[in-house]
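protein_35.txt follows (compact mmCIF, C-alpha atoms):
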# COMPACT_ATOMS: atom_id res chain seq x y z
CA MET A 60 0.00 0.00 0.00
CA ALA A 61 2.84 2.39 0.89
CA ALA A 62 4.52 1.75 -2.47
CA GLN A 63 1.22 2.33 -4.25
CA ASN A 64 0.73 5.58 -2.31
CA ASN A 65 4.28 6.68 -3.19
CA GLN A 66 3.64 6.04 -6.88
CA GLU A 67 0.38 7.96 -6.68
CA VAL A 68 2.09 10.88 -4.92
CA ASP A 69 5.02 10.90 -7.39
CA ALA A 70 2.63 10.93 -10.36
CA LEU A 71 0.62 13.75 -8.82
CA VAL A 72 3.70 15.87 -8.04
CA GLU A 73 4.95 15.33 -11.60
CA LYS A 74 1.61 16.44 -13.03
CA ILE A 75 1.41 19.51 -10.77
CA THR A 76 5.02 20.42 -11.58
CA GLY A 77 4.18 20.37 -15.30
CA LEU A 78 1.11 22.55 -14.75
CA HIS A 79 3.15 24.98 -12.64
CA ALA A 80 5.69 25.31 -15.46
CA ALA A 81 2.92 25.97 -18.02
CA ILE A 82 1.18 28.54 -15.79
CA ALA A 83 4.49 30.30 -15.02
CA LYS A 84 5.08 30.76 -18.77
CA LEU A 85 1.74 32.50 -19.37
CA PRO A 86 2.21 36.12 -20.47
CA SER A 87 -0.65 37.20 -18.16
CA LEU A 88 -2.79 35.62 -15.45
CA SER A 89 -5.84 37.73 -16.34
CA PRO A 90 -8.87 35.64 -17.34
CA SER A 91 -8.49 34.12 -20.81
CA PRO A 92 -9.19 30.73 -22.40
CA ASP A 93 -5.57 29.58 -21.83
CA VAL A 94 -5.50 30.76 -18.20
CA ASP A 95 -8.93 29.29 -17.45
CA ALA A 96 -8.03 25.92 -19.03
CA LEU A 97 -4.77 25.52 -17.08
CA PHE A 98 -6.28 26.49 -13.73
CA THR A 99 -9.29 24.23 -14.33
CA GLU A 100 -6.87 21.36 -15.00
CA LEU A 101 -4.92 22.25 -11.85
CA VAL A 102 -7.99 22.34 -9.62
CA THR A 103 -9.28 19.09 -11.14
CA ALA A 104 -5.96 17.42 -10.28
CA CYS A 105 -5.85 18.76 -6.70
CA VAL A 106 -9.41 18.39 -5.42
CA PRO A 107 -9.84 14.57 -5.24
CA PRO A 108 -8.71 12.87 -1.99
CA SER A 109 -4.99 12.13 -2.11
CA PRO A 110 -2.43 10.47 0.20
CA VAL A 111 0.01 13.33 -0.43
CA ASP A 112 1.27 15.34 2.56
CA VAL A 113 2.62 18.48 0.92
CA THR A 114 4.43 19.51 4.10
CA LYS A 115 6.73 16.48 3.67
CA LEU A 116 7.73 17.10 0.03
CA GLY A 117 11.39 17.55 -0.87
CA PRO A 118 12.87 21.06 -1.14
CA GLU A 119 12.44 21.29 -4.93
CA ALA A 120 8.77 20.29 -4.84
CA GLN A 121 8.24 22.57 -1.82
CA GLU A 122 9.66 25.53 -3.73
CA MET A 123 7.45 24.69 -6.71
CA ARG A 124 4.39 24.51 -4.43
CA GLU A 125 5.13 27.89 -2.85
CA GLY A 126 5.52 29.45 -6.30
CA LEU A 127 2.30 27.82 -7.47
CA ILE A 128 0.32 29.17 -4.49
CA ARG A 129 1.59 32.69 -5.32
CA LEU A 130 0.50 32.25 -8.95
CA CYS A 131 -2.91 30.96 -7.81
CA SER A 132 -3.27 33.98 -5.53
CA GLU A 133 -2.44 36.41 -8.33
CA ALA A 134 -4.78 34.68 -10.78
CA GLU A 135 -7.59 34.57 -8.21
CA GLY A 136 -7.17 38.32 -7.58
CA LYS A 137 -7.34 39.09 -11.30
CA LEU A 138 -10.37 36.83 -11.80
CA GLU A 139 -12.21 38.47 -8.90
CA ALA A 140 -11.35 42.00 -10.09
CA HIS A 141 -12.60 41.13 -13.59
CA TYR A 142 -15.96 39.89 -12.32
CA SER A 143 -16.28 42.67 -9.76
CA ASP A 144 -16.00 45.24 -12.56
CA MET A 145 -18.53 43.29 -14.63
CA LEU A 146 -21.01 43.11 -11.75
CA ALA A 147 -20.58 46.80 -10.87
CA ALA A 148 -22.01 47.72 -14.28
CA PHE A 149 -25.46 46.49 -13.16
CA ASP A 150 -27.90 48.74 -11.30
CA LYS A 151 -28.26 46.01 -8.66
CA PRO A 152 -24.98 44.05 -8.68
CA LEU A 153 -26.05 41.71 -5.87
CA ASP A 154 -28.83 40.29 -8.07
CA HIS A 155 -26.24 38.95 -10.53
CA LEU A 156 -23.62 37.29 -8.32
CA GLY A 157 -24.37 33.93 -9.94
CA MET A 158 -22.41 35.14 -12.98
CA PHE A 159 -19.22 34.34 -11.08
CA PRO A 160 -18.34 30.72 -11.95
CA TYR A 161 -17.42 29.73 -8.38
CA TYR A 162 -20.18 31.58 -6.51
CA ASN A 163 -21.75 28.29 -5.35
CA ASN A 164 -18.46 27.31 -3.70
CA TYR A 165 -18.66 30.46 -1.55
CA ILE A 166 -22.29 29.71 -0.66
CA ASN A 167 -21.29 26.23 0.49
CA LEU A 168 -18.10 27.35 2.27
CA SER A 169 -19.90 30.10 4.19
CA LYS A 170 -22.70 27.70 5.15
CA LEU A 171 -20.11 25.21 6.42
CA GLU A 172 -18.29 27.90 8.42
CA TYR A 173 -21.51 29.15 9.97
CA GLU A 174 -22.64 25.63 10.90
CA LEU A 175 -19.25 24.80 12.43
CA LEU A 176 -19.30 28.03 14.46
CA ALA A 177 -22.84 27.34 15.66
CA ARG A 178 -21.98 23.78 16.61
CA TYR A 179 -18.55 24.11 18.22
CA VAL A 180 -18.36 27.56 19.83
CA PRO A 181 -19.66 27.10 23.39
CA GLY A 182 -23.04 28.76 23.79
CA GLY A 183 -23.45 29.20 20.02
CA ILE A 184 -22.93 32.47 18.18
CA ALA A 185 -24.95 35.64 17.67
CA PRO A 186 -22.18 38.07 16.75
CA ALA A 187 -22.88 41.81 16.79
CA ARG A 188 -19.76 42.56 14.76
CA VAL A 189 -17.57 40.41 12.51
CA ALA A 190 -14.24 41.14 10.82
CA PHE A 191 -13.18 39.51 7.58
CA ILE A 192 -9.43 39.81 7.00
CA GLY A 193 -8.48 39.60 3.30
CA SER A 194 -11.91 40.27 1.78
CA GLY A 195 -10.74 41.17 -1.75
CA PRO A 196 -12.66 42.78 -4.63
CA LEU A 197 -15.50 40.20 -4.45
CA PRO A 198 -16.40 39.80 -0.77
CA PHE A 199 -18.72 36.85 -1.37
CA SER A 200 -18.08 35.27 2.03
CA SER A 201 -19.18 38.35 3.94
CA PHE A 202 -22.18 38.78 1.66
CA VAL A 203 -23.38 35.17 2.00
CA LEU A 204 -22.89 35.19 5.78
CA ALA A 205 -24.70 38.53 6.11
CA ALA A 206 -27.57 37.71 3.75
CA ARG A 207 -28.20 34.07 4.70
CA HIS A 208 -26.85 33.36 8.18
CA LEU A 209 -26.17 36.52 10.23
CA PRO A 210 -28.99 38.98 9.44
CA ASP A 211 -28.29 41.33 12.38
CA THR A 212 -24.48 41.39 12.20
CA MET A 213 -22.23 44.27 11.13
CA PHE A 214 -19.32 43.28 8.88
CA ASP A 215 -15.96 45.07 8.71
CA ASN A 216 -13.98 43.91 5.68
CA TYR A 217 -10.23 44.48 5.65
CA ASP A 218 -7.89 44.26 2.67
CA LEU A 219 -4.37 45.49 1.96
CA CYS A 220 -5.44 46.71 -1.47
CA GLY A 221 -7.37 49.98 -1.72
CA ALA A 222 -8.46 49.18 -5.29
CA ALA A 223 -9.97 45.88 -4.10
CA ASN A 224 -11.98 47.72 -1.44
CA ASP A 225 -13.15 50.34 -3.95
CA ARG A 226 -14.38 47.57 -6.23
CA ALA A 227 -16.07 45.71 -3.38
CA SER A 228 -17.89 48.75 -2.00
CA LYS A 229 -19.44 49.49 -5.44
CA LEU A 230 -21.24 46.14 -5.35
CA PHE A 231 -23.18 47.11 -2.22
CA ARG A 232 -24.05 50.73 -3.07
CA ALA A 233 -27.67 49.99 -4.02
CA ASP A 234 -28.46 47.60 -1.18
CA THR A 235 -30.15 49.01 1.91
CA ASP A 236 -29.96 45.82 4.01
CA VAL A 237 -26.66 44.00 3.55
CA GLY A 238 -25.04 47.11 2.07
CA ALA A 239 -25.86 49.06 5.23
CA ARG A 240 -24.08 46.43 7.33
CA MET A 241 -20.89 46.29 5.23
CA SER A 242 -17.87 48.54 5.60
CA PHE A 243 -14.48 48.31 3.87
CA HIS A 244 -11.12 49.27 5.32
CA THR A 245 -7.70 49.37 3.65
CA ALA A 246 -5.24 48.08 6.24
CA ASP A 247 -2.58 45.49 6.97
CA VAL A 248 -3.75 43.13 9.71
CA ALA A 249 -0.39 43.72 11.45
CA ASP A 250 -1.41 47.37 11.92
CA LEU A 251 -4.74 46.50 13.57
CA ALA A 252 -4.67 46.42 17.36
CA GLY A 253 -7.36 47.82 19.67
CA GLU A 254 -10.08 47.58 17.01
CA LEU A 255 -9.69 43.77 16.90
CA ALA A 256 -11.10 43.56 20.43
CA LYS A 257 -14.56 44.70 19.25
CA TYR A 258 -15.21 41.63 17.08
CA ASP A 259 -17.10 38.55 18.22
CA VAL A 260 -15.82 36.55 15.23
CA VAL A 261 -12.80 37.11 12.97
CA PHE A 262 -12.47 35.31 9.62
CA LEU A 263 -8.98 34.90 8.16
CA ALA A 264 -8.91 34.41 4.39
CA ALA A 265 -6.85 31.55 2.98
CA LEU A 266 -4.36 33.78 1.17
CA VAL A 267 -3.53 36.14 4.06
CA GLY A 268 0.01 35.10 5.04
CA MET A 269 0.97 32.65 2.32
CA ALA A 270 4.12 31.26 3.98
CA ALA A 271 3.60 29.19 7.15
CA GLU A 272 5.69 31.56 9.28
CA ASP A 273 3.75 34.60 7.98
CA LYS A 274 0.43 32.91 8.76
CA ALA A 275 1.66 32.02 12.26
CA LYS A 276 2.64 35.67 12.86
CA VAL A 277 -0.79 36.90 11.73
CA ILE A 278 -2.52 34.39 14.03
CA ALA A 279 -0.31 35.35 16.99
CA HIS A 280 -1.10 39.03 16.32
CA LEU A 281 -4.84 38.26 16.33
CA GLY A 282 -4.36 36.25 19.53
CA ALA A 283 -2.68 39.22 21.20
CA HIS A 284 -5.49 41.67 20.37
CA MET A 285 -8.81 39.80 20.00
CA ALA A 286 -11.24 39.73 22.92
CA ASP A 287 -11.30 36.77 25.28
CA GLY A 288 -13.87 34.25 24.07
CA ALA A 289 -14.03 35.67 20.52
CA ALA A 290 -14.05 33.07 17.72
CA LEU A 291 -11.49 32.77 14.93
CA VAL A 292 -12.25 31.06 11.60
CA VAL A 293 -9.13 30.11 9.65
CA ARG A 294 -9.22 28.75 6.10
CA SER A 295 -6.64 26.08 5.37
CA ALA A 296 -6.19 23.17 2.94
CA HIS A 297 -5.74 19.39 3.11
CA GLY A 298 -4.13 16.74 0.91
CA ALA A 299 -3.41 17.82 -2.66
CA ARG A 300 -5.49 20.95 -2.13
CA GLY A 301 -2.35 22.20 -0.36
CA PHE A 302 -0.94 22.91 -3.83
CA LEU A 303 -3.64 25.58 -4.23
CA TYR A 304 -3.76 27.17 -0.77
CA PRO A 305 -1.51 27.39 2.29
CA ILE A 306 -1.90 24.69 4.94
CA VAL A 307 -2.33 26.00 8.48
CA ASP A 308 -0.99 23.92 11.34
CA PRO A 309 -3.58 23.84 14.16
CA GLN A 310 -0.65 23.88 16.59
CA ASP A 311 0.31 27.34 15.29
CA ILE A 312 -3.22 28.45 16.17
CA GLY A 313 -2.82 26.97 19.65
CA ARG A 314 0.54 28.69 20.07
CA GLY A 315 -1.07 31.95 18.91
CA GLY A 316 -3.30 32.02 21.98
CA PHE A 317 -6.38 30.11 20.81
CA GLU A 318 -8.15 26.90 21.73
CA VAL A 319 -8.78 24.89 18.57
CA LEU A 320 -12.39 23.68 18.66
CA ALA A 321 -12.74 21.88 15.31
CA VAL A 322 -10.89 21.14 12.06
CA CYS A 323 -12.98 20.20 9.02
CA HIS A 324 -11.64 18.87 5.69
CA PRO A 325 -14.48 18.90 3.13
CA ASP A 326 -14.25 16.45 0.23
CA ASP A 327 -16.66 18.20 -2.13
CA ASP A 328 -16.45 21.40 -4.21
CA VAL A 329 -15.52 23.37 -1.07
CA VAL A 330 -11.75 23.44 -1.62
CA ASN A 331 -10.71 25.02 1.68
CA SER A 332 -10.48 23.28 5.01
CA VAL A 333 -11.94 25.21 7.95
CA ILE A 334 -10.47 25.56 11.44
CA ILE A 335 -12.64 26.96 14.25
CA ALA A 336 -10.85 28.35 17.29
CA GLN A 337 -11.61 30.53 20.29
CA LYS A 338 -9.43 33.11 22.02
CA SER A 339 -8.31 31.52 25.26
CA LYS A 340 -9.30 33.47 28.35
CA ASP A 341 -6.00 32.77 30.11
CA VAL A 342 -3.83 34.12 27.30
CA HIS A 343 -2.20 37.45 28.06
CA ALA A 344 -1.67 40.38 25.71
CA ASP A 345 1.69 38.96 24.63
CA GLY A 346 -0.08 35.86 23.31
CA LEU A 347 1.36 33.61 26.02
CA GLY A 348 -0.74 31.61 28.43
CA SER A 349 -1.05 28.39 30.32
CA GLY A 350 -4.31 26.91 29.06
CA ARG A 351 -5.10 24.32 26.42
CA GLY A 352 -4.82 26.85 23.62
CA ALA A 353 -1.25 27.87 24.43
CA GLY A 354 0.55 25.06 26.17
CA GLY A 355 -1.81 22.18 26.78
CA GLN A 356 -3.51 19.49 24.80
CA TYR A 357 -3.95 21.37 21.52
CA ALA A 358 -0.37 22.59 21.41
CA ARG A 359 0.66 18.93 21.66
CA GLY A 360 -1.29 18.07 18.53
CA THR A 361 -4.66 16.59 19.56
CA VAL A 362 -7.44 18.52 17.87
CA PRO A 363 -10.94 17.46 16.89
CA VAL A 364 -11.05 16.64 13.18
CA VAL A 365 -14.75 16.77 12.37
CA SER A 366 -17.02 16.06 9.47
CA PRO A 367 -19.23 18.75 7.94
CA PRO A 368 -22.18 19.11 10.38
CA CYS A 369 -24.76 18.74 7.64
CA ARG A 370 -23.58 15.25 6.70
CA PHE A 371 -22.76 13.04 9.65
CA GLY A 372 -21.51 12.88 13.20
CA GLU A 373 -18.37 14.18 14.83
CA MET A 374 -15.08 12.36 14.46
CA VAL A 375 -12.09 13.09 16.65
CA ALA A 376 -8.51 12.36 15.66
CA ASP A 377 -5.02 13.04 16.84
CA VAL A 378 -3.54 15.08 14.00
CA THR A 379 -0.09 13.78 14.82
CA GLN A 380 -1.24 10.36 13.57
CA ASN A 381 -1.38 10.77 9.80
CA HIS A 382 -2.73 7.31 9.13
CA LYS A 383 -5.78 8.06 11.28
CA ARG A 384 -6.31 11.38 9.56
CA ASP A 385 -6.13 9.66 6.17
CA GLU A 386 -8.69 7.09 7.31
CA PHE A 387 -11.08 9.90 8.20
CA ALA A 388 -10.47 11.66 4.89
CA ASN A 389 -11.20 8.42 3.04
CA ALA A 390 -14.25 7.72 5.19
CA GLU A 391 -15.76 11.06 4.21
CA VAL A 392 -15.60 10.13 0.52
CA ALA A 393 -18.24 7.46 0.98
CA PHE A 394 -20.89 9.90 2.14
Write the structure described by the file as structure tokens, please.
Amino acid sequence: MAAQNNQEVDALVEKITGLHAAIAKLPSLSPSPDVDALFTELVTACVPPSPVDVTKLGPEAQEMREGLIRLCSEAEGKLEAHYSDMLAAFDKPLDHLGMFPYYNNYINLSKLEYELLARYVPGGIAPARVAFIGSGPLPFSSFVLAARHLPDTMFDNYDLCGAANDRASKLFRADTDVGARMSFHTADVADLAGELAKYDVVFLAALVGMAAEDKAKVIAHLGAHMADGAALVVRSAHGARGFLYPIVDPQDIGRGGFEVLAVCHPDDDVVNSVIIAQKSKDVHADGLGSGRGAGGQYARGTVPVVSPPCRFGEMVADVTQNHKRDEFANAEVAF
């Protein structure tokens, strides 16, 4: 079985390496038939369950993966800007969001995140104010959460790029409900401090902090400034999907001052994994503490790996035992 897995992993890495080379040669990553075809082939190769652990690849493959994630990020930004401009031309842009080819993925991802929050945050959630870090020119996640799941919540969307925020705000100009609850701020998360304490839930987009050490720094910064008991939703990746998005180590979240409540690896068209955590009450402003979130069970590697709530019951695994985690991933495929 191990030899079979190795062959499967080698074949996958070879295929992804070839796609990376082809994408890197493209004159532009703006939407076009060539760009769309290559990224569709890439996603198709990465989404099925795979035995690959991208964190254990050799240095050459690791460098290729990091370059590929940067290319994916750039292409995703250009795709979203293109559709944001297209939608802004309508009198009521929010009536036409289905034009975006991956809109359903955002509907399903936001539903999953809301259900995980409702299920695993003690006492449930009814947030007055939410922050979304890395909202981009098409803030679908905030929109879906506001329109379908959190009808009384105010949303503060943060992005490094002023042009992305300008595009995003145009989409909501004609809406008196969701539009009135959305605000957009151009800022680096590292420059946010006291304002982070006013949020009941903070969402961290998958592409904020693309290198593992950058992501860990962002999480530690949030841990130092978020309110005790506030929830953190972190988007990660699992298996071959780690060629598309950064993988977040739950232990980095624990070290950042949070208690990890649930880790969910979907096996459907929702590409991102979701990690739900809560700011530990015994973590001090420097992000250090003595509870489970900082130095106890979760920092040692035992976190609850759960199935999507809408499908079947909770499963708990020690994430240090890869074979168990793979069994769970394979089990999910059958449902």
Margin query: Applying 9 Å and all atoms listed in the file, which residues near Ala187 in chain A remain after dropping the ones on its own chain fewer than 3 positions away? List them as a ChimeraX atom specification.
Written below: /A:211-214,258-260
Note to self: Residues within 12 Å of range 66-76 of chain A, please, as number ranges by chain. Count only C-alpha atoms; anything in the same chain fewer than 2 positions from it doesn't count.
What the structure shows: A: 60-64, 78-83, 97-98, 100-113, 115-117, 119-128, 298-303
Restricting the output to C-alpha atoms, write the selected residues as a CSV table (one decimal), in the coordinates of the input.
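The result, written out as again.csv:
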chain,number,residue,atom,x,y,z
A,60,MET,CA,0.0,0.0,0.0
A,61,ALA,CA,2.8,2.4,0.9
A,62,ALA,CA,4.5,1.8,-2.5
A,63,GLN,CA,1.2,2.3,-4.2
A,64,ASN,CA,0.7,5.6,-2.3
A,78,LEU,CA,1.1,22.6,-14.8
A,79,HIS,CA,3.2,25.0,-12.6
A,80,ALA,CA,5.7,25.3,-15.5
A,81,ALA,CA,2.9,26.0,-18.0
A,82,ILE,CA,1.2,28.5,-15.8
A,83,ALA,CA,4.5,30.3,-15.0
A,97,LEU,CA,-4.8,25.5,-17.1
A,98,PHE,CA,-6.3,26.5,-13.7
A,100,GLU,CA,-6.9,21.4,-15.0
A,101,LEU,CA,-4.9,22.2,-11.8
A,102,VAL,CA,-8.0,22.3,-9.6
A,103,THR,CA,-9.3,19.1,-11.1
A,104,ALA,CA,-6.0,17.4,-10.3
A,105,CYS,CA,-5.8,18.8,-6.7
A,106,VAL,CA,-9.4,18.4,-5.4
A,107,PRO,CA,-9.8,14.6,-5.2
A,108,PRO,CA,-8.7,12.9,-2.0
A,109,SER,CA,-5.0,12.1,-2.1
A,110,PRO,CA,-2.4,10.5,0.2
A,111,VAL,CA,0.0,13.3,-0.4
A,112,ASP,CA,1.3,15.3,2.6
A,113,VAL,CA,2.6,18.5,0.9
A,115,LYS,CA,6.7,16.5,3.7
A,116,LEU,CA,7.7,17.1,0.0
A,117,GLY,CA,11.4,17.6,-0.9
A,119,GLU,CA,12.4,21.3,-4.9
A,120,ALA,CA,8.8,20.3,-4.8
A,121,GLN,CA,8.2,22.6,-1.8
A,122,GLU,CA,9.7,25.5,-3.7
A,123,MET,CA,7.4,24.7,-6.7
A,124,ARG,CA,4.4,24.5,-4.4
A,125,GLU,CA,5.1,27.9,-2.8
A,126,GLY,CA,5.5,29.4,-6.3
A,127,LEU,CA,2.3,27.8,-7.5
A,128,ILE,CA,0.3,29.2,-4.5
A,298,GLY,CA,-4.1,16.7,0.9
A,299,ALA,CA,-3.4,17.8,-2.7
A,300,ARG,CA,-5.5,21.0,-2.1
A,301,GLY,CA,-2.4,22.2,-0.4
A,302,PHE,CA,-0.9,22.9,-3.8
A,303,LEU,CA,-3.6,25.6,-4.2
Notebook entry, point to check: Nearest to Asp247 in chain A: which of A:Tyr142, A:Phe149, A:Phe262, A:Tyr217 is it, counting all atoms listed in the file?
Noted result: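 Between A:Tyr142, A:Phe149, A:Phe262, A:Tyr217, the residue approaching Asp247 in chain A most closely is A:Tyr217.
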Checklist line | Separation of CA of Phe202 in chain A from CA of Ala96 in chain A in Å | finding: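 Answer for the CA of Ala96 in chain A to CA of Phe202 in chain A separation: 28.2 Å.
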Item checked: Straight-line distance linking CA of Lys151 in chain A with CA of Ile192 in chain A, stated in Å to one decimal ->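 Distance reported for this atom pair: 25.3 Å.
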Note to self: One number please: CA of Gly288 in chain A to CA of Gln337 in chain A, in Å, one decimal.
What the structure shows: 5.8 Å
Checklist line | Neighbour list for Leu153 in chain A as JSON, numbers by chain, cut-off 8 Å, all atoms listed in the file, skip fewer than 3 positions in-chain | finding: {"A": [146, 156, 230, 231, 234]}
Margin query: Calculated over all atoms listed in the file, which of the candidates A:Pro198, A:Pro367, A:Gly157, A:Gly316 has the smallest distance to Arg226 in chain A?
Written below: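 Checking each candidate against Arg226 in chain A, we get A:Pro198 as the closest.
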Would you mind listing, for every residue of range 184-265 of chain A within 12 Å of range 319-331 of chain A, the two atoms forming the shortest contact and the distance between them in Å to one decimal, using only C-alpha atoms, sorted by chain and ascending residue number, as JSON lines?
{"residue": "A:Leu263", "atom": "CA", "partner": "A:Asn331", "partner_atom": "CA", "distance": 11.9}
{"residue": "A:Ala264", "atom": "CA", "partner": "A:Asn331", "partner_atom": "CA", "distance": 9.9}
{"residue": "A:Ala265", "atom": "CA", "partner": "A:Asn331", "partner_atom": "CA", "distance": 7.7}
Checklist line | Neighbours of point (-12.2, 50.8, -2.3) within 12 Å, using all atoms listed in the file, written as a PyMOL selection string | finding: chain A and resi 140+143+194-198+216-232+242-246
Note to self: Given all atoms listed in the file as the basis, pick out the residue of A:His284, A:Arg129, A:Arg314, A:Lys338 nearest to Met269 in chain A.
What the structure shows: A:Arg129
Next item on the list: May I ask which of the residues A:Glu133, A:Gly183, A:Ser295, A:Thr99 is the closest one to Tyr161 in chain A, counting all atoms listed in the file?
Entry: A:Thr99
Note to self: Calculated over all atoms listed in the file, which of the candidates A:Met241, A:Ile306, A:Leu176, A:Leu266 has the smallest distance to Pro210 in chain A?
What the structure shows: A:Met241
Next item on the list: Rank nothing, just name the residue among A:Ala233, A:Leu291, A:Val307, A:Ala296 nearest to Leu175 in chain A, using only C-alpha atoms.
Entry: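 When distances to Leu175 in chain A are compared using only C-alpha atoms, the smallest one comes from A:Leu291.
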